[in-house]
>>> print(open('run.txt').read())   # compact mmCIF, C-alpha atoms
# COMPACT_ATOMS: atom_id res chain seq x y z
CA MET A 1 8.11 0.28 -9.83
CA VAL A 2 6.48 3.56 -10.90
CA LYS A 3 9.29 5.53 -9.34
CA GLU A 4 12.05 3.48 -10.96
CA ILE A 5 10.42 3.86 -14.36
CA GLU A 6 10.20 7.62 -13.77
CA ARG A 7 13.82 7.66 -12.62
CA ALA A 8 14.84 6.08 -15.92
CA GLY A 9 13.41 9.10 -17.73
CA PHE A 10 9.92 8.06 -18.86
CA PRO A 11 6.79 10.05 -18.20
CA VAL A 12 4.70 7.45 -16.36
CA VAL A 13 1.13 7.53 -15.11
CA HIS A 14 -0.12 5.37 -12.25
CA VAL A 15 -3.72 4.19 -12.60
CA CYS A 16 -4.69 2.85 -9.19
CA THR A 17 -7.49 2.70 -6.65
CA ILE A 18 -5.75 3.47 -3.37
CA VAL A 19 -4.42 6.94 -4.11
CA PRO A 20 -2.85 7.44 -0.64
CA ILE A 21 -0.57 4.44 -1.24
CA SER A 22 0.40 5.76 -4.67
CA LEU A 23 1.26 9.14 -3.10
CA THR A 24 3.29 7.41 -0.40
CA VAL A 25 5.35 5.34 -2.82
CA GLY A 26 6.07 8.48 -4.86
CA ALA A 27 4.12 8.26 -8.12
CA ASN A 28 3.93 11.69 -9.78
CA ARG A 29 1.02 11.37 -12.23
CA ILE A 30 -1.89 9.54 -10.58
CA ILE A 31 -5.30 8.57 -11.97
CA PRO A 32 -7.82 7.29 -9.38
CA ALA A 33 -9.37 4.05 -10.62
CA VAL A 34 -12.71 2.30 -10.10
CA ALA A 35 -12.08 -0.39 -7.46
CA ILE A 36 -9.30 -2.64 -6.20
CA PRO A 37 -10.28 -5.89 -7.97
CA HIS A 38 -11.30 -4.09 -11.20
CA PRO A 39 -9.44 -0.77 -11.49
CA LEU A 40 -10.40 -0.23 -15.14
CA GLY A 41 -13.82 -1.82 -15.23
CA ASP A 42 -17.10 -2.19 -13.41
CA PRO A 43 -18.76 -5.61 -13.47
CA THR A 44 -22.10 -4.12 -12.40
CA LYS A 45 -22.33 -2.38 -15.79
CA THR A 46 -22.86 -3.85 -19.25
CA PRO A 47 -19.71 -4.71 -21.22
CA ALA A 48 -20.35 -1.71 -23.49
CA GLU A 49 -20.70 0.67 -20.55
CA GLU A 50 -17.62 -0.82 -18.94
CA LYS A 51 -15.59 -0.19 -22.05
CA ILE A 52 -16.65 3.47 -22.01
CA ILE A 53 -15.47 3.76 -18.39
CA ARG A 54 -12.17 2.13 -19.34
CA ARG A 55 -11.73 4.36 -22.37
CA LYS A 56 -12.31 7.43 -20.21
CA LEU A 57 -9.66 6.32 -17.72
CA VAL A 58 -7.12 5.60 -20.46
CA ASP A 59 -7.97 8.97 -22.06
CA LYS A 60 -7.27 10.63 -18.71
CA ALA A 61 -4.03 8.68 -18.36
CA LEU A 62 -2.86 9.84 -21.79
CA LYS A 63 -3.82 13.43 -20.94
CA ALA A 64 -1.85 13.19 -17.69
CA LEU A 65 1.18 11.96 -19.64
CA GLN A 66 0.94 15.11 -21.78
CA THR A 67 0.53 17.47 -18.82
CA GLU A 68 3.45 19.46 -17.45
CA ILE A 69 3.60 19.03 -13.66
CA SER A 70 6.09 20.12 -11.02
CA GLU A 71 4.91 17.91 -8.15
CA GLN A 72 2.81 14.83 -7.39
CA THR A 73 -0.54 15.38 -9.08
CA VAL A 74 -3.79 13.45 -8.76
CA PHE A 75 -5.82 13.89 -11.93
CA SER A 76 -9.27 13.39 -10.47
CA GLU A 77 -11.28 15.31 -13.06
CA MET B 1 -11.05 -1.98 37.73
CA SER B 2 -9.26 -2.79 34.53
CA PHE B 3 -8.85 -0.64 31.43
CA ARG B 4 -11.28 -1.11 28.52
CA VAL B 5 -9.66 -1.84 25.16
CA VAL B 6 -11.35 -2.06 21.75
CA HIS B 7 -9.58 -4.18 19.13
CA TYR B 8 -9.70 -3.47 15.38
CA ILE B 9 -9.07 -6.33 12.92
CA ASN B 10 -9.81 -7.11 9.27
CA GLN B 11 -12.20 -9.65 7.76
CA PHE B 12 -9.46 -12.22 7.33
CA PHE B 13 -8.34 -12.33 10.95
CA ALA B 14 -12.00 -12.25 12.04
CA GLY B 15 -12.48 -15.51 10.15
CA ILE B 16 -15.13 -13.99 7.85
CA GLY B 17 -13.16 -14.79 4.72
CA GLY B 18 -10.32 -13.88 2.39
CA GLU B 19 -10.33 -11.56 -0.60
CA ASP B 20 -13.83 -12.64 -1.58
CA LYS B 21 -15.04 -11.02 1.66
CA ALA B 22 -12.75 -7.97 1.59
CA ASP B 23 -15.75 -5.76 0.81
CA VAL B 24 -17.59 -6.30 4.13
CA PRO B 25 -18.50 -3.03 5.89
CA PRO B 26 -17.57 -2.31 9.53
CA GLU B 27 -19.15 -4.45 12.21
CA LEU B 28 -18.98 -4.30 16.02
CA ARG B 29 -18.84 -7.48 18.09
CA GLN B 30 -18.70 -7.82 21.86
CA GLY B 31 -15.60 -9.42 23.35
CA VAL B 32 -12.61 -10.89 21.56
CA VAL B 33 -12.39 -12.23 18.00
CA GLY B 34 -9.42 -14.05 16.39
CA PRO B 35 -6.08 -12.56 17.47
CA GLY B 36 -8.00 -10.72 20.21
CA GLN B 37 -7.61 -13.85 22.35
CA ALA B 38 -3.85 -13.54 22.31
CA LEU B 39 -4.18 -9.80 22.91
CA ALA B 40 -6.44 -10.38 25.92
CA ALA B 41 -3.93 -12.86 27.32
CA ALA B 42 -1.04 -10.44 26.82
CA LEU B 43 -2.94 -7.59 28.48
CA GLY B 44 -3.52 -9.77 31.54
CA SER B 45 -5.68 -8.45 34.36
CA GLU B 46 -4.75 -4.82 33.77
CA ALA B 47 -6.93 -4.38 30.71
CA GLN B 48 -9.70 -6.27 28.97
CA VAL B 49 -10.75 -6.44 25.34
CA VAL B 50 -14.38 -5.33 25.61
CA ALA B 51 -15.23 -5.33 21.93
CA THR B 52 -13.87 -5.94 18.43
CA VAL B 53 -14.48 -3.84 15.34
CA ILE B 54 -14.09 -5.71 12.06
CA CYS B 55 -13.91 -4.23 8.58
CA GLY B 56 -13.02 -5.65 5.17
CA ASP B 57 -9.70 -4.32 3.86
CA GLY B 58 -11.14 -3.59 0.43
CA TYR B 59 -14.15 -1.79 1.91
CA PHE B 60 -11.92 0.38 4.07
CA ALA B 61 -9.53 1.27 1.23
CA GLU B 62 -12.35 2.18 -1.11
CA ASN B 63 -14.38 4.14 1.48
CA LEU B 64 -11.63 5.73 3.59
CA GLU B 65 -13.63 8.59 5.06
CA LYS B 66 -16.92 6.83 5.64
CA ALA B 67 -15.24 3.71 7.05
CA THR B 68 -13.10 5.77 9.42
CA ALA B 69 -16.13 7.75 10.63
CA ASP B 70 -18.31 4.66 11.10
CA ILE B 71 -15.58 2.73 12.90
CA LEU B 72 -14.85 5.70 15.15
CA GLN B 73 -18.54 5.82 16.05
CA MET B 74 -18.54 2.11 16.94
CA ILE B 75 -15.40 2.51 19.03
CA ARG B 76 -16.81 5.56 20.80
CA SER B 77 -19.97 3.63 21.72
CA CYS B 78 -17.81 1.17 23.72
CA ASN B 79 -16.39 3.95 25.86
CA PRO B 80 -12.86 2.53 25.73
CA ASP B 81 -9.64 3.67 27.42
CA ALA B 82 -7.49 2.58 24.47
CA VAL B 83 -7.61 0.99 21.00
CA VAL B 84 -5.36 -1.70 19.54
CA ALA B 85 -5.44 -2.34 15.77
CA GLY B 86 -3.99 -5.31 13.93
CA PRO B 87 -1.18 -6.36 13.79
CA ALA B 88 -1.23 -5.82 10.03
CA PHE B 89 2.28 -7.17 9.27
CA ASN B 90 3.07 -6.35 5.60
CA ALA B 91 -0.55 -6.22 4.37
CA GLY B 92 -0.84 -2.81 2.70
CA ARG B 93 -4.56 -2.20 2.88
CA TYR B 94 -4.83 -3.64 6.39
CA GLY B 95 -1.93 -1.45 7.52
CA THR B 96 -3.53 1.61 5.97
CA ALA B 97 -6.81 0.83 7.75
CA ALA B 98 -5.19 0.07 11.12
CA GLY B 99 -3.09 3.23 10.90
CA ALA B 100 -6.07 5.38 9.91
CA VAL B 101 -8.17 3.98 12.77
CA CYS B 102 -5.39 4.66 15.31
CA ALA B 103 -4.79 8.17 13.98
CA ALA B 104 -8.52 8.98 14.14
CA VAL B 105 -8.82 7.53 17.66
CA SER B 106 -5.93 9.59 19.03
CA LYS B 107 -7.17 12.74 17.34
CA GLU B 108 -10.90 12.47 17.99
CA LEU B 109 -11.08 10.50 21.24
CA GLY B 110 -7.74 11.51 22.74
CA ILE B 111 -6.99 8.00 24.02
CA PRO B 112 -3.95 5.79 23.31
CA ALA B 113 -4.03 3.79 20.07
CA VAL B 114 -1.43 1.20 19.11
CA THR B 115 -1.01 -0.91 15.99
CA GLY B 116 1.69 -3.20 14.64
CA MET B 117 3.27 -3.37 11.18
CA TYR B 118 6.28 -4.48 9.21
CA PRO B 119 8.48 -1.42 8.48
CA GLU B 120 7.84 -1.63 4.71
CA ASN B 121 4.04 -1.59 5.09
CA PRO B 122 2.80 1.54 3.23
CA GLY B 123 0.66 2.30 6.30
CA VAL B 124 3.84 3.06 8.24
CA ASP B 125 4.85 6.10 6.21
CA MET B 126 1.27 7.31 6.17
CA PHE B 127 0.65 7.08 9.91
CA ARG B 128 3.97 6.83 11.76
CA LYS B 129 3.57 10.38 13.05
CA SER B 130 0.04 9.95 14.32
CA ALA B 131 0.07 6.37 15.61
CA VAL B 132 2.29 4.23 17.80
CA ILE B 133 3.27 1.33 15.53
CA ALA B 134 4.95 -1.73 17.03
CA LYS B 135 7.58 -3.20 14.73
CA THR B 136 6.48 -6.65 13.55
CA ALA B 137 7.56 -9.39 11.15
CA ASP B 138 6.23 -9.33 7.58
CA SER B 139 3.67 -12.10 7.98
CA ALA B 140 1.32 -13.66 10.54
CA ARG B 141 4.13 -16.04 11.47
CA GLY B 142 5.27 -13.14 13.64
CA MET B 143 1.99 -13.03 15.59
CA LYS B 144 3.40 -14.44 18.83
CA ASP B 145 5.92 -11.59 19.11
CA ALA B 146 3.72 -8.85 17.65
CA VAL B 147 0.78 -9.15 20.05
CA PRO B 148 2.79 -8.95 23.31
CA ALA B 149 4.76 -6.01 21.84
CA MET B 150 1.53 -4.10 21.11
CA ALA B 151 0.08 -5.06 24.52
CA ARG B 152 3.19 -3.82 26.33
CA LEU B 153 3.06 -0.48 24.49
CA VAL B 154 -0.63 0.10 25.09
CA LEU B 155 -0.37 -0.80 28.80
CA LYS B 156 2.48 1.65 29.18
CA LEU B 157 0.44 4.38 27.54
CA LEU B 158 -2.61 3.49 29.67
CA ARG B 159 -0.51 3.82 32.81
CA LYS B 160 0.55 7.21 31.46
CA GLU B 161 4.18 6.12 31.46
CA GLU B 162 6.43 7.82 28.96
CA LEU B 163 7.62 5.68 26.07
CA GLY B 164 11.37 5.30 25.72
CA SER B 165 13.18 5.39 22.41
CA PRO B 166 11.76 3.43 19.45
CA GLU B 167 14.68 0.95 19.59
CA ALA B 168 14.27 0.32 23.32
CA GLU B 169 10.48 -0.09 23.17
CA GLY B 170 10.14 -1.87 19.81
CA TYR B 171 8.01 0.66 17.95
CA LEU B 172 8.68 2.47 14.68
CA GLU B 173 10.18 5.96 14.67
CA GLN B 174 7.63 8.76 14.76
CA GLY B 175 9.94 11.51 13.58
CA LEU B 176 10.03 13.12 17.04
CA ARG B 177 13.11 14.82 18.42
CA LYS B 178 13.54 14.71 22.19
CA ASN B 179 15.82 16.87 24.30
CA PHE B 180 17.59 15.26 27.23
CA PHE B 181 20.43 16.05 29.62
CA THR B 182 23.70 14.18 29.46
CA ASP B 183 27.11 14.51 31.10
CA VAL B 184 28.97 14.36 27.82
CA THR B 185 28.99 17.49 25.68
CA GLY B 186 27.92 17.49 22.06
CA ALA B 187 31.51 18.08 20.92
CA GLU B 188 32.75 15.02 22.77
CA ARG B 189 29.92 12.84 21.47
CA ALA B 190 30.51 14.02 17.92
CA VAL B 191 34.24 13.34 18.11
CA GLU B 192 33.55 9.89 19.52
CA MET B 193 31.21 9.15 16.61
CA LEU B 194 33.77 10.39 14.12
CA VAL B 195 36.53 8.27 15.66
CA ASN B 196 34.28 5.22 15.48
CA LYS B 197 33.34 6.01 11.91
CA LEU B 198 36.99 6.37 10.88
CA ALA B 199 37.83 3.13 12.61
CA GLY B 200 35.01 1.39 10.75
CA LYS B 201 33.19 0.72 14.03
CA PRO B 202 29.44 1.03 14.49
CA PHE B 203 28.03 4.32 15.77
CA VAL B 204 24.53 5.68 16.19
CA THR B 205 23.61 9.15 15.00
CA GLU B 206 21.56 11.30 17.36
CA TYR B 207 19.81 13.01 14.52
CA PRO B 208 18.93 10.67 11.68
CA MET B 209 18.10 12.48 8.47
CA PRO B 210 14.75 11.64 6.94
CA VAL B 211 15.00 9.58 3.78
CA PHE B 212 13.19 11.30 0.94
CA ASP B 213 13.36 8.98 -2.00
CA ARG B 214 11.45 11.10 -4.44
CA VAL B 215 11.89 11.30 -8.17
CA ALA B 216 10.97 14.56 -9.89
CA PRO B 217 8.30 14.22 -12.58
CA ASN B 218 9.62 13.95 -16.10
CA PRO B 219 8.60 16.44 -18.79
CA PRO B 220 5.33 15.49 -20.46
CA LEU B 221 4.93 13.54 -23.66
CA LYS B 222 5.04 16.05 -26.52
CA ASP B 223 3.86 14.14 -29.56
CA LEU B 224 1.24 11.56 -28.63
CA ALA B 225 0.37 10.75 -32.25
CA ASN B 226 3.90 9.48 -32.82
CA ALA B 227 4.40 7.85 -29.41
CA THR B 228 4.89 4.24 -28.42
CA ILE B 229 3.10 3.54 -25.13
CA ALA B 230 3.86 0.56 -22.89
CA LEU B 231 1.56 -1.14 -20.39
CA VAL B 232 2.94 -2.33 -17.05
CA THR B 233 0.93 -3.71 -14.14
CA SER B 234 1.32 -4.82 -10.55
CA GLY B 235 -2.10 -6.47 -10.83
CA GLY B 236 -0.68 -9.88 -11.74
CA ILE B 237 -2.21 -10.24 -15.23
CA CYS B 238 -0.38 -13.03 -17.08
CA PRO B 239 -1.02 -15.58 -19.80
CA LYS B 240 -3.43 -18.31 -18.71
CA GLY B 241 -1.64 -20.82 -16.53
CA ASN B 242 0.91 -18.31 -15.21
CA PRO B 243 3.79 -19.90 -17.19
CA ASP B 244 6.58 -18.30 -15.13
CA HIS B 245 4.92 -19.03 -11.78
CA ILE B 246 4.86 -15.45 -10.56
CA GLU B 247 4.11 -15.75 -6.85
CA ALA B 248 0.65 -14.78 -5.53
CA SER B 249 2.36 -12.70 -2.85
CA SER B 250 5.89 -11.48 -2.02
CA ALA B 251 6.79 -11.75 -5.70
CA THR B 252 10.43 -12.39 -6.54
CA LYS B 253 9.98 -11.93 -10.30
CA TYR B 254 8.09 -10.17 -13.05
CA GLY B 255 7.01 -11.49 -16.43
CA GLU B 256 7.15 -10.01 -19.93
CA TYR B 257 4.64 -11.29 -22.43
CA GLY B 258 3.77 -10.58 -26.04
CA LEU B 259 0.79 -8.41 -26.94
CA GLU B 260 1.22 -8.30 -30.73
CA GLU B 261 -1.31 -11.05 -31.38
CA PHE B 262 -3.97 -9.67 -29.04
CA ASP B 263 -6.69 -7.14 -29.81
CA LEU B 264 -8.01 -7.71 -26.33
CA LEU B 265 -7.46 -10.02 -23.38
CA THR B 266 -10.02 -12.72 -22.63
CA ALA B 267 -10.80 -15.19 -19.87
CA SER B 268 -9.30 -17.92 -22.03
CA SER B 269 -6.07 -16.09 -22.91
CA HIS B 270 -5.11 -14.40 -19.64
CA GLU B 271 -5.72 -14.47 -15.89
CA THR B 272 -4.33 -12.89 -12.73
CA ALA B 273 -1.68 -14.44 -10.50
CA HIS B 274 -2.41 -11.91 -7.73
CA GLY B 275 -3.31 -13.34 -4.32
CA GLY B 276 -4.21 -10.04 -2.71
CA TYR B 277 -7.62 -9.31 -4.22
CA ASP B 278 -10.68 -11.27 -5.33
CA PRO B 279 -9.55 -12.50 -8.80
CA THR B 280 -13.07 -13.14 -10.16
CA TYR B 281 -13.41 -9.84 -12.06
CA ALA B 282 -9.87 -9.84 -13.47
CA ASN B 283 -10.13 -13.48 -14.54
CA ASN B 284 -13.48 -12.93 -16.25
CA ASP B 285 -12.17 -9.90 -18.13
CA PRO B 286 -8.43 -9.17 -17.75
CA ASN B 287 -8.89 -5.85 -19.61
CA ARG B 288 -10.32 -4.57 -16.31
CA VAL B 289 -6.75 -4.54 -14.99
CA LEU B 290 -4.66 -4.29 -18.18
CA PRO B 291 -6.68 -2.22 -20.68
CA VAL B 292 -5.45 -3.88 -23.87
CA ASP B 293 -8.83 -3.68 -25.68
CA VAL B 294 -9.08 0.09 -25.33
CA MET B 295 -5.39 0.67 -26.05
CA ARG B 296 -5.63 -1.35 -29.25
CA GLU B 297 -8.72 0.57 -30.29
CA MET B 298 -6.97 3.91 -29.73
CA GLU B 299 -3.89 2.71 -31.58
CA LYS B 300 -6.10 1.86 -34.59
CA GLU B 301 -7.74 5.30 -34.38
CA GLY B 302 -4.28 6.86 -34.47
CA VAL B 303 -4.57 8.51 -31.04
CA PHE B 304 -1.02 7.27 -30.48
CA LYS B 305 1.31 5.43 -32.82
CA LYS B 306 1.90 2.10 -31.20
CA LEU B 307 1.04 -0.03 -28.22
CA TYR B 308 4.40 -1.52 -27.25
CA GLY B 309 4.52 -5.19 -28.27
CA LYS B 310 4.96 -6.61 -24.79
CA PHE B 311 3.57 -5.96 -21.36
CA PHE B 312 5.40 -6.31 -18.07
CA THR B 313 3.65 -7.70 -15.03
CA THR B 314 4.15 -8.67 -11.43
CA VAL B 315 2.12 -9.19 -8.29
CA GLY B 316 2.15 -6.21 -5.96
CA ASN B 317 1.13 -7.98 -2.76
CA GLY B 318 3.49 -7.71 0.18
CA THR B 319 6.27 -7.42 -2.39
CA PRO B 320 9.52 -6.32 -0.72
CA VAL B 321 10.43 -2.77 -1.74
CA ALA B 322 13.87 -3.95 -2.87
CA ASN B 323 12.26 -6.39 -5.34
CA ALA B 324 9.83 -3.79 -6.69
CA LYS B 325 12.72 -1.38 -7.17
CA ARG B 326 14.71 -3.95 -9.10
CA PHE B 327 11.72 -4.93 -11.28
CA GLY B 328 11.07 -1.28 -12.08
CA ALA B 329 14.69 -0.56 -12.99
CA GLU B 330 15.01 -3.68 -15.18
CA ILE B 331 11.70 -3.04 -16.93
CA ALA B 332 12.67 0.58 -17.57
CA ALA B 333 16.00 -0.47 -19.11
CA LYS B 334 14.20 -2.80 -21.55
CA LEU B 335 11.62 -0.15 -22.45
CA LYS B 336 14.38 2.33 -23.08
CA LYS B 337 16.23 -0.04 -25.39
CA ASP B 338 13.06 -0.57 -27.42
CA GLY B 339 12.33 3.14 -27.82
CA VAL B 340 9.16 3.38 -25.70
CA ASP B 341 8.05 6.98 -25.08
CA ALA B 342 5.71 6.73 -22.09
CA VAL B 343 4.28 4.19 -19.65
CA ILE B 344 0.86 3.47 -18.17
CA LEU B 345 1.17 1.42 -14.97
CA THR B 346 -1.97 -0.07 -13.46
CA SER B 347 -2.35 -1.30 -9.89
CA THR B 348 -5.10 -3.15 -8.07
>>> encode(input="run.txt", output="structure tokens")
Amino acid sequence: MVKEIERAGFPVVHVCTIVPISLTVGANRIIPAVAIPHPLGDPTKTPAEEKIIRRKLVDKALKALQTEISEQTVFSE
Amino acid sequence: MSFRVVHYINQFFAGIGGEDKADVPPELRQGVVGPGQALAAALGSEAQVVATVICGDGYFAENLEKATADILQMIRSCNPDAVVAGPAFNAGRYGTAAGAVCAAVSKELGIPAVTGMYPENPGVDMFRKSAVIAKTADSARGMKDAVPAMARLVLKLLRKEELGSPEAEGYLEQGLRKNFFTDVTGAERAVEMLVNKLAGKPFVTEYPMPVFDRVAPNPPLKDLANATIALVTSGGICPKGNPDHIEASSATKYGEYGLEEFDLLTASSHETAHGGYDPTYANNDPNRVLPVDVMREMEKEGVFKKLYGKFFTTVGNGTPVANAKRFGAEIAAKLKKDGVDAVILTST
């Protein structure tokens, strides 16, 4: 799905936990997430802490969308 | 004396549990477990399954390096002659784990390692070059063919017999080119192929080209403050009750649902339809998969102009590539029509 959305001309960022699979399917902008059943959250934290984690990931995703890249890029930091 | 084989399987086939147990760390058990019985039967008297290593698919995927190292250590302690992993069919995380275990075994222990997968399993593209992967059906319904196929391959490798072509032996192409002698010159073979092609008859190339379906990255978003951003997910988030009955696996459809009236998703408004991960965390707080709360907050702060008024969703769980491709293309066409500038796609 990521690839088809990219093919249609959109900058698209893939937020996902299993980065090797994302690389294999051909996503170009990749943000490593927290865990498979809760990619943008962490149930061991308080709701407030969780929201900070989520905000950081979305911030990263928006930064990735604004970053010029020439090949598949994992935005880990 | 018969060969010693160690079998690798996931928590599901070991009977430990489904997605709620996908986080169990590696464990070594003596003898056969689950599909190991069929494997032992298919190996016959030539080889015996001396031990089984079990690991949760979620644990493996989230701890790739540590899990591989720990499992390798367990396998090494059994002093095996070969390793068989799976079959993983079309289970993505299981295929990734089985492929990684086989690749590590061949590299570090230098003994044969065989697994089995459906050709669309993402583990195939990751490990086809470093593991022998028997071609299987897409679900456990194909177990009765998959196990004997893997057993036959591993016995051949144990006997140090050379494997024939992927088609003849039932394994997936490894991207190897082999030279061989033939009575017919290249020119004659090429002309024969061309004649068949012109006549509309089947022919088999001797040098298949690799398929690189890659899309070049698009230029970045220039003006975030004026951008409309859309959320898409393969994590199965949908309105409570899953009104369009998106399938828990092998999805044949996607859904599009309004976001205008939501400042955040809650356990009473939304849930996940996904059957490939423990749904507890997503059901309790769907924002953990589809970050509507944070997106709405940032929209209000003016970080970007608008969160697109709908989200698109499907279940990425053994979903055929052809379906995923179609969903993506259709979703993109709708986003284009509505003037969306960029997309965040989340996956579990």
>>> interface_residues(input="run.txt", of="chain B", to="chain A", cutoff="8 Å", atoms="all atoms listed in the file", output="PDB file with C-alpha atoms, in the coordinates of the input")
ATOM      1  CA  GLY B  58     -11.140  -3.590   0.430  1.00  0.00           C
ATOM      2  CA  ALA B  61      -9.530   1.270   1.230  1.00  0.00           C
ATOM      3  CA  GLU B  62     -12.350   2.180  -1.110  1.00  0.00           C
ATOM      4  CA  PRO B 122       2.800   1.540   3.230  1.00  0.00           C
ATOM      5  CA  GLY B 123       0.660   2.300   6.300  1.00  0.00           C
ATOM      6  CA  ASP B 125       4.850   6.100   6.210  1.00  0.00           C
ATOM      7  CA  MET B 126       1.270   7.310   6.170  1.00  0.00           C
ATOM      8  CA  ASP B 213      13.360   8.980  -2.000  1.00  0.00           C
ATOM      9  CA  ARG B 214      11.450  11.100  -4.440  1.00  0.00           C
ATOM     10  CA  VAL B 215      11.890  11.300  -8.170  1.00  0.00           C
ATOM     11  CA  ALA B 216      10.970  14.560  -9.890  1.00  0.00           C
ATOM     12  CA  PRO B 217       8.300  14.220 -12.580  1.00  0.00           C
ATOM     13  CA  ASN B 218       9.620  13.950 -16.100  1.00  0.00           C
ATOM     14  CA  PRO B 219       8.600  16.440 -18.790  1.00  0.00           C
ATOM     15  CA  PRO B 220       5.330  15.490 -20.460  1.00  0.00           C
ATOM     16  CA  LEU B 221       4.930  13.540 -23.660  1.00  0.00           C
ATOM     17  CA  LYS B 222       5.040  16.050 -26.520  1.00  0.00           C
ATOM     18  CA  LEU B 224       1.240  11.560 -28.630  1.00  0.00           C
ATOM     19  CA  TYR B 277      -7.620  -9.310  -4.220  1.00  0.00           C
ATOM     20  CA  ASP B 278     -10.680 -11.270  -5.330  1.00  0.00           C
ATOM     21  CA  PRO B 279      -9.550 -12.500  -8.800  1.00  0.00           C
ATOM     22  CA  TYR B 281     -13.410  -9.840 -12.060  1.00  0.00           C
ATOM     23  CA  ALA B 282      -9.870  -9.840 -13.470  1.00  0.00           C
ATOM     24  CA  ASN B 287      -8.890  -5.850 -19.610  1.00  0.00           C
ATOM     25  CA  ARG B 288     -10.320  -4.570 -16.310  1.00  0.00           C
ATOM     26  CA  VAL B 289      -6.750  -4.540 -14.990  1.00  0.00           C
ATOM     27  CA  LEU B 290      -4.660  -4.290 -18.180  1.00  0.00           C
ATOM     28  CA  PRO B 291      -6.680  -2.220 -20.680  1.00  0.00           C
ATOM     29  CA  VAL B 294      -9.080   0.090 -25.330  1.00  0.00           C
ATOM     30  CA  MET B 295      -5.390   0.670 -26.050  1.00  0.00           C
ATOM     31  CA  ALA B 324       9.830  -3.790  -6.690  1.00  0.00           C
ATOM     32  CA  LYS B 325      12.720  -1.380  -7.170  1.00  0.00           C
ATOM     33  CA  ARG B 326      14.710  -3.950  -9.100  1.00  0.00           C
ATOM     34  CA  PHE B 327      11.720  -4.930 -11.280  1.00  0.00           C
ATOM     35  CA  GLY B 328      11.070  -1.280 -12.080  1.00  0.00           C
ATOM     36  CA  ALA B 329      14.690  -0.560 -12.990  1.00  0.00           C
ATOM     37  CA  ILE B 331      11.700  -3.040 -16.930  1.00  0.00           C
ATOM     38  CA  ALA B 332      12.670   0.580 -17.570  1.00  0.00           C
ATOM     39  CA  ALA B 333      16.000  -0.470 -19.110  1.00  0.00           C
ATOM     40  CA  ASP B 341       8.050   6.980 -25.080  1.00  0.00           C
ATOM     41  CA  ALA B 342       5.710   6.730 -22.090  1.00  0.00           C
ATOM     42  CA  VAL B 343       4.280   4.190 -19.650  1.00  0.00           C
ATOM     43  CA  ILE B 344       0.860   3.470 -18.170  1.00  0.00           C
ATOM     44  CA  LEU B 345       1.170   1.420 -14.970  1.00  0.00           C
ATOM     45  CA  THR B 346      -1.970  -0.070 -13.460  1.00  0.00           C
ATOM     46  CA  SER B 347      -2.350  -1.300  -9.890  1.00  0.00           C
ATOM     47  CA  THR B 348      -5.100  -3.150  -8.070  1.00  0.00           C
TER      48      THR B 348
END
>>> atom_distance(input="run.txt", atom1="atom CA of B:Pro202", atom2="atom CA of B:Phe181")
23.1 Å
>>> residues_around(input="run.txt", residues="B:Thr96", least_positions_apart="2", cutoff="9 Å", atoms="all atoms listed in the file", output="PyMOL selection string")
(chain A and resi 20-21) or (chain B and resi 57+60-61+88+91-94+98-101+121-124+126-127)
>>> atom_distance(input="run.txt", atom1="atom CA of B:Leu194", atom2="atom CA of B:Glu173")
24.0 Å
>>> atom_distance(input="run.txt", atom1="atom CA of B:Phe12", atom2="atom CA of B:Cys55")
9.2 Å
>>> decode(input="run.txt", residues="stretch 6-14 of chain B", atoms="N, CA and C atoms", output="short mmCIF file (atom, residue, chain, number, x, y, z; two decimals), in the first residue's frame")
data_model
loop_
_atom_site.label_atom_id
_atom_site.label_comp_id
_atom_site.auth_asym_id
_atom_site.auth_seq_id
_atom_site.Cartn_x
_atom_site.Cartn_y
_atom_site.Cartn_z
N VAL B 6 17.37 -30.37 14.32
CA VAL B 6 16.65 -29.51 15.27
C VAL B 6 15.56 -28.78 14.48
N HIS B 7 14.38 -28.70 15.07
CA HIS B 7 13.23 -28.08 14.42
C HIS B 7 12.91 -26.75 15.09
N TYR B 8 12.69 -25.70 14.29
CA TYR B 8 12.29 -24.40 14.84
C TYR B 8 10.82 -24.13 14.50
N ILE B 9 10.02 -23.80 15.50
CA ILE B 9 8.62 -23.44 15.25
C ILE B 9 8.22 -22.24 16.12
N ASN B 10 7.05 -21.66 15.82
CA ASN B 10 6.62 -20.50 16.62
C ASN B 10 5.70 -20.94 17.76
N GLN B 11 5.24 -19.95 18.53
CA GLN B 11 4.45 -20.28 19.73
C GLN B 11 3.10 -20.89 19.35
N PHE B 12 2.60 -20.50 18.19
CA PHE B 12 1.28 -21.01 17.78
C PHE B 12 1.35 -22.50 17.48
N PHE B 13 2.31 -22.89 16.64
CA PHE B 13 2.40 -24.30 16.28
C PHE B 13 2.89 -25.16 17.45
N ALA B 14 3.51 -24.52 18.44
CA ALA B 14 3.94 -25.27 19.64
C ALA B 14 2.77 -25.47 20.59
#
